[in-house]
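Novice: Mind looking over this structure? Questions follow.
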Amino acid sequence: MNRKTLVLPAVVGLLAPVLAACGASGDGSDGKAAIVVGTTDKFVASKDNPAPLDPAIGYEAGVWNVLRQTVQTLVHVPRGGGEPVPEAAESCTFTDTQNESYRCKLRSGLKFADGKALTAEDVKYSIDRVIRIDAANGPVALLDNIDTVETQGEREVVFHLRAPDATFPYKLATPVAGIVPRSRYAAKSARTGFQVNGSGPYTMKPEVEHNQIVKVHFTRNPHYKGDLKVRNEKVELDVFPDPTAMGKALDNQKIDMMARTMSPEQSQQMLVEPEDGIKLTEMPGLAIHFLGFNTNDPAVKKKAVRQAMAQVVDRGEIASKVYGTTAEPLYSLIPSGITAHANAFYNKYNEPSTTKAAAILNAAGVDTPVKLTLHYPTDRVGAGTAAEFGTLKKQFDDTGLFEISVEGSPWAKYRPAQLRGDYAVYGMGWFPDFPDPDNFTAPFLDRNNFLNSPYRSVRAQKTLIPQSRRETDRSASTEAFQQLQDIVADDVPVLPIWQGKQYVASREDLTGVEWAVNSSAELQLWELGDGRV
């Protein structure tokens with residue numbers, strides 16, 4: 001599978017003074033300024049989620065971006081993409097032809113950031129801990145194919161799987177498989193608060209106000225021993241309430257880079273009106289955005305209602321009018337750029353048509369207008385979400401077949417309500433855990449799916465998903481994935497809307513930007529270098 005990160009840099013800028021050569025400033029006790037990166041991701045501890053940064057609990061793109069800097073995994077996806085390569089491990093390989101037994105040998109002399117030795121027992125403890133805690137909203141489903149974890153001496157660990165899974169190395173490359181010290185993480189309960197300890201490239205110190213992080217200080221871990229090349233000593237991750245505030249911070253030389261997430265208006269402005277001192281880096285994105293359905297809710301329980309919505313939605317209008325150059329229409333759960341992508345929804349529904357939608361509803365005996373509320377998160381997915389849902393409302397209402405209201409809620413309220421099944425129709429975004437078609441299908445269709453959806457396809461779960469995982473050559477699984485995409489287009493448990501592009505704005509002399517955010521929206525802060533004199 002080709003996962004090369006395409007980077008199209010251009011020297012462009014904000015409507016602001018040219019950045020001075022000194023750039024942004026950070027707190028460097030050794031006299032060296034930290035590289036400062038802005039984000040609009042939120043890190044909030046609440047009654048529903050008191051342990052947002054525990055690898056057994058956290059399952060959001062922003063959370064994983066903190067964990068990737070601080071906890072180490074056995075393998076990692078290399079710079080530019082491709083199959084996972086050893087990280088904390090010295091070597092990893094399947095030891096059988098069925099892809100059911102995976103053996104890793106650790107590098108010698110591994111240590112946690114506090115100087116304590118890291119052994120195979122720590123790896124087993126960390127994996128077993130995630131499975132044992134079994135957090136309802138966490139990433140445990142990525143590990144649910146593990147039968148047992150066996151250690152052989154201090155440096156070897158063997159994973160015995162319940163069923164063949166050629167994607168298992170990719171799963172071990174995610175933060176859910178991060179190695180944590182037993183002294184800091186209880187075996188059966190989550191670690192509350194915001195501190196993270198591990199053996200990754202950085203140590204971290206959070207600044208917290210009102211139960212949420214406002215800044216994270218990353219400092220190079222002197223005990224780190226792995227495959228990553230760390231190109232800086234300090235990085236600060238500054239949290240902003242919205243893209244506008246983050247943009248002003250770049251204007252005022254308070255940050256060196258705008259990472260997640262710039263608004264469509266900001267990137268468009270920077271493309272049209274370039275200035276010296278700032279560059280805009282464009283790269284492909286694998287993030288997808290979609291409508292999800294609680295298929296048990298009476299309002300959308302009939303497949304015909306969901307199919308009619310799929311028949312009238314105009315993705316092109318949403319992409320062009322709301323998101324401009326930052327999005328493109330999406331007609332499948334599997335985005336373009338990923339092996340096995342097919343335009344399944346376009347193949348089934350073609351262009352938007354009120355006539356065809358009316359026929360679908362009439363044949364199923366559905367009275368119109370169908371009254372629905374579309375829910376969306378006000379502080380997740382992106383700055384254009386409110387406009388997107390306003391456009392969706394107009395598209396559905398204009399057919400006369402639907403009567404739509406729209407309601408937004410903050411993520412801390414939104415996500416628990418969505419998981420409980422409170423919403424018949426809701427908007428979500430998905431940032432892949434790893435760049436394989438399995439990660440755009442199984443999380444939606446398999447048991448323990450991340451939406452907690454009541455939708456079930458026996459054929460998907462019992463036949464197609466297991467079949468696709470047997471193939472080490474991922475291109476050989478294309479037929480299974482195409483059938484999965486067709487099932488989704490017919491049953492419409494989710495309705496894909498658009499696929500995002502990524503833009504990152506940074507100081508012109510900041511190096512490594514094109515590698516610091518990959519196509520899966522993963523922050524790799526170790527890639528950043530400071531070209532300031």
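Letters for chains follow the order of the structure tokens (A, B, ...), residue numbers begin at 1 for each chain, and ligand numbers begin at 1 in the order shown.
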Hey, what's within 8 Å of range 79-92 of chain A if we count only C-alpha atoms and toss same-chain stuff fewer than 3 positions away? As a list in words, please?
Specialist: Met1, Asn2, Arg3, Lys4, Thr5, Gln72, Thr73, Leu74, Val75, His76, Tyr102, Arg103, Cys104, Lys105, Leu106, Arg107, Leu110, Pro169, Tyr170, Ala173, Lys225, Gly226, Asp227, Leu228, Trp515 and Asn518 of chain A
Novice: Could you name the residues that touch range 343-355 of chain A at 7 Å or less, counting only C-alpha atoms, but leaving out those on the same chain fewer than 2 positions away, as a VMD selection string?
Specialist: chain A and resid 311 to 314 331 to 332 341 357 to 359 399 485 to 486 489
Novice: Could you give me, as a list of chain:residue names, the residues within 7 Å of Thr203 in chain A, counting only C-alpha atoms and dropping anything in the same chain fewer than 6 positions from it?
Specialist: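 Surrounding residues, per the criterion: A:Thr70, A:Ala113, A:Phe218, A:Thr219, A:Arg220, A:Asn221.
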Novice: Out of A:Glu100, A:Glu514, A:Glu154, A:Asp54, which residue has the shortest atom-to-atom distance to Ile179 in chain A when counting only C-alpha atoms?
Specialist: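 Residue with the minimum atom-to-atom distance to Ile179 in chain A: A:Asp54.
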Novice: Pick the closest to Pro443 in chain A from A:Leu372, A:Lys215, A:Ala386, A:Ile465: which is it, counting only C-alpha atoms?
Specialist: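 Residue with the minimum atom-to-atom distance to Pro443 in chain A: A:Ile465.
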Novice: Could you write out, as number ranges by chain, all the residues of range 317-525 of chain A that DSSP marks as alpha helix (DSSP H)?
Specialist: A: 317, 344-349, 354-363, 385-398, 411-420, 442-445, 458-459, 465-469, 478-491, 513-516
Novice: Using only C-alpha atoms, which residues sit within 12 Å of Glu479 in chain A once same-chain residues fewer than 4 positions away are excluded, as a list in words?
Specialist: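 Selected residues are Thr339, Ala340, His341, Ala342, Pro437, Leu464, Ile465, Gln467, Ser468, Glu471, Arg474, Ser475, Gln483, Leu484, Gln485 and Asp486 of chain A.
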Novice: Next, write the just-selected residues to a file, as a short mmCIF file (atom, residue, chain, number, x, y, z; two decimals), in the first residue's frame, keeping N, CA, C and O atoms as the atom set.
Specialist:
```
data_model
loop_
_atom_site.label_atom_id
_atom_site.label_comp_id
_atom_site.auth_asym_id
_atom_site.auth_seq_id
_atom_site.Cartn_x
_atom_site.Cartn_y
_atom_site.Cartn_z
N THR A 339 -5.71 1.93 -0.55
CA THR A 339 -5.97 0.75 -1.36
C THR A 339 -7.43 0.28 -1.19
O THR A 339 -7.95 0.27 -0.08
N ALA A 340 -8.05 -0.08 -2.28
CA ALA A 340 -9.40 -0.65 -2.32
C ALA A 340 -10.50 0.40 -2.30
O ALA A 340 -11.69 0.06 -2.28
N HIS A 341 -10.16 1.68 -2.35
CA HIS A 341 -11.19 2.72 -2.40
C HIS A 341 -12.08 2.53 -3.62
O HIS A 341 -11.61 2.27 -4.73
N ALA A 342 -13.39 2.67 -3.41
CA ALA A 342 -14.36 2.62 -4.50
C ALA A 342 -15.46 3.64 -4.19
O ALA A 342 -15.82 3.83 -3.04
N PRO A 437 -7.18 -0.01 4.66
CA PRO A 437 -8.63 -0.02 4.49
C PRO A 437 -9.38 -0.68 5.64
O PRO A 437 -10.55 -0.36 5.89
N LEU A 464 -16.40 -11.10 5.65
CA LEU A 464 -15.57 -10.18 4.88
C LEU A 464 -14.42 -9.58 5.68
O LEU A 464 -13.28 -9.50 5.20
N ILE A 465 -14.69 -9.14 6.93
CA ILE A 465 -13.61 -8.55 7.72
C ILE A 465 -12.53 -9.59 8.04
O ILE A 465 -11.34 -9.34 7.82
N GLN A 467 -11.84 -12.28 6.37
CA GLN A 467 -11.21 -12.62 5.10
C GLN A 467 -10.18 -11.57 4.70
O GLN A 467 -9.08 -11.90 4.26
N SER A 468 -10.51 -10.30 4.87
CA SER A 468 -9.59 -9.23 4.47
C SER A 468 -8.32 -9.22 5.32
O SER A 468 -7.26 -8.80 4.84
N GLU A 471 -4.89 -11.48 4.43
CA GLU A 471 -4.00 -11.17 3.32
C GLU A 471 -2.84 -10.28 3.75
O GLU A 471 -3.03 -9.11 4.08
N ARG A 474 -1.82 -6.54 1.04
CA ARG A 474 -3.08 -5.87 1.29
C ARG A 474 -3.89 -5.65 0.00
O ARG A 474 -5.11 -5.57 0.04
N SER A 475 -3.21 -5.56 -1.13
CA SER A 475 -3.93 -5.39 -2.39
C SER A 475 -4.76 -6.63 -2.72
O SER A 475 -5.75 -6.55 -3.46
N GLN A 483 -16.71 -5.20 -1.42
CA GLN A 483 -18.00 -5.72 -0.98
C GLN A 483 -18.45 -5.03 0.31
O GLN A 483 -19.65 -4.75 0.49
N LEU A 484 -17.52 -4.76 1.21
CA LEU A 484 -17.86 -4.04 2.44
C LEU A 484 -18.38 -2.64 2.12
O LEU A 484 -19.36 -2.17 2.73
N GLN A 485 -17.75 -1.97 1.16
CA GLN A 485 -18.20 -0.64 0.78
C GLN A 485 -19.59 -0.68 0.16
O GLN A 485 -20.42 0.21 0.39
N ASP A 486 -19.88 -1.71 -0.60
CA ASP A 486 -21.20 -1.86 -1.20
C ASP A 486 -22.27 -2.09 -0.13
O ASP A 486 -23.40 -1.59 -0.24
#
```
Novice: Residues near Ile131 in chain A, anyone? I mean within 12 Å using only C-alpha atoms, not counting same-chain ones fewer than 3 positions away, as an MDAnalysis selection string.
Specialist: chainID A and resid 55:57 124:128 134:136 138:149 176:177 187:190
Novice: Please provide the set of residues having any atom within 9 Å of Met309 in chain A, restricted to only C-alpha atoms, with same-chain residues fewer than 6 positions apart removed, written as a ChimeraX atom specification.
Specialist: /A:357,396,402,495
Novice: What does the file look like for those residues with all heavy atoms, as a tab-separated table (two decimals), in the first residue's frame?
Specialist:
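Everything below was put into part_18.tsv:
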```tsv
chain	number	residue	atom	x	y	z
A	357	ALA	N	-35.33	9.93	-4.45
A	357	ALA	CA	-35.49	9.82	-2.99
A	357	ALA	C	-36.96	9.63	-2.63
A	357	ALA	O	-37.31	8.83	-1.75
A	357	ALA	CB	-34.93	11.06	-2.31
A	396	PHE	N	-31.72	19.03	2.60
A	396	PHE	CA	-32.80	18.09	2.93
A	396	PHE	C	-34.16	18.79	2.92
A	396	PHE	O	-35.14	18.25	2.38
A	396	PHE	CB	-32.55	17.45	4.29
A	396	PHE	CG	-31.37	16.51	4.33
A	396	PHE	CD1	-30.41	16.60	5.32
A	396	PHE	CD2	-31.22	15.53	3.37
A	396	PHE	CE1	-29.33	15.74	5.35
A	396	PHE	CE2	-30.15	14.66	3.38
A	396	PHE	CZ	-29.20	14.76	4.38
A	402	PHE	N	-38.12	16.11	3.80
A	402	PHE	CA	-37.59	16.13	5.17
A	402	PHE	C	-37.89	17.48	5.82
A	402	PHE	O	-38.01	18.50	5.15
A	402	PHE	CB	-36.07	15.90	5.16
A	402	PHE	CG	-35.65	14.56	4.63
A	402	PHE	CD1	-35.33	14.40	3.29
A	402	PHE	CD2	-35.58	13.46	5.47
A	402	PHE	CE1	-34.93	13.16	2.79
A	402	PHE	CE2	-35.21	12.22	4.99
A	402	PHE	CZ	-34.89	12.07	3.64
A	495	LEU	N	-23.19	7.75	6.53
A	495	LEU	CA	-23.29	8.42	5.24
A	495	LEU	C	-22.06	9.31	5.05
A	495	LEU	O	-21.96	10.40	5.62
A	495	LEU	CB	-24.57	9.27	5.20
A	495	LEU	CG	-24.84	10.13	3.96
A	495	LEU	CD1	-24.79	9.27	2.70
A	495	LEU	CD2	-26.18	10.82	4.09
```
Novice: Show which residues sit within 8 Å of Asn452 in chain A, as a PyMOL selection string. Count only C-alpha atoms, and ignore same-chain residues fewer than 3 positions away.
Specialist: chain A and resi 419-420+448-449
Novice: Kindly export the residues of the current selection with N, CA and C atoms, as a PDB file, in the first residue's frame.
Specialist:
```
ATOM      1  N   LEU A 419     -22.871   8.076  22.221  1.00  0.00           N
ATOM      2  CA  LEU A 419     -22.619   6.687  22.590  1.00  0.00           C
ATOM      3  C   LEU A 419     -23.829   6.043  23.269  1.00  0.00           C
ATOM      4  N   ARG A 420     -24.589   6.836  24.003  1.00  0.00           N
ATOM      5  CA  ARG A 420     -25.797   6.303  24.663  1.00  0.00           C
ATOM      6  C   ARG A 420     -26.920   6.028  23.664  1.00  0.00           C
ATOM      7  N   ASN A 448     -17.901  -4.146  18.878  1.00  0.00           N
ATOM      8  CA  ASN A 448     -17.180  -3.127  19.645  1.00  0.00           C
ATOM      9  C   ASN A 448     -16.793  -1.940  18.777  1.00  0.00           C
ATOM     10  N   ASN A 449     -17.642  -1.605  17.788  1.00  0.00           N
ATOM     11  CA  ASN A 449     -17.318  -0.478  16.917  1.00  0.00           C
ATOM     12  C   ASN A 449     -17.312   0.823  17.718  1.00  0.00           C
TER      13      ASN A 449
END
```
Novice: Would you mind telling me which residue in A:Leu401, A:Val366, A:Ser101, A:Lys279 lies nearest to Glu150 in chain A when using only C-alpha atoms?
Specialist: A:Ser101
Novice: Using only C-alpha atoms, which of A:Ser519, A:Thr40, A:Ser477, A:Thr463 sits nearest Pro284 in chain A?
Specialist: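 Closest residue, counting only C-alpha atoms: A:Ser519.
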Novice: Quote the spacing between CA of Phe290 in chain A and CA of Met262 in chain A in Å to one decimal place.
Specialist: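 Result for CA of Phe290 in chain A versus CA of Met262 in chain A: 19.5 Å, one decimal.
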Novice: Check range 22-228 of chain A with DSSP on the backbone and list each residue it calls strand (DSSP E or B), as a PyMOL selection string.
Specialist: chain A and resi 35-39+44+72+75-76+85-86+89-94+101-106+111+117+146-152+156-161+179+202-209+212-220
Novice: For Val37 in chain A, which residue among A:Gly115, A:Gly247, A:Pro175, A:Gly58 is the nearest when counting only C-alpha atoms?
Specialist: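 That would be A:Gly247, the residue with the smallest distance to Val37 in chain A.
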Novice: Grab the CA of Pro298 in chain A to CA of Val406 in chain A distance for me, in Å with one decimal place.
Specialist: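 If I compute the distance from CA of Pro298 in chain A to CA of Val406 in chain A, I get 18.1 Å.
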Novice: Between A:Phe444, A:Tyr503, A:Tyr423, A:Tyr185, which has the minimum distance to Pro264 in chain A (counting only C-alpha atoms)?
Specialist: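 Looking only at the distances to Pro264 in chain A, the closest residue turns out to be A:Tyr503.
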Novice: Interatomic distance between CA of Asp96 in chain A and CA of Ala460 in chain A?
Specialist: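 We find that CA of Asp96 in chain A and CA of Ala460 in chain A lie 25.6 Å from each other.
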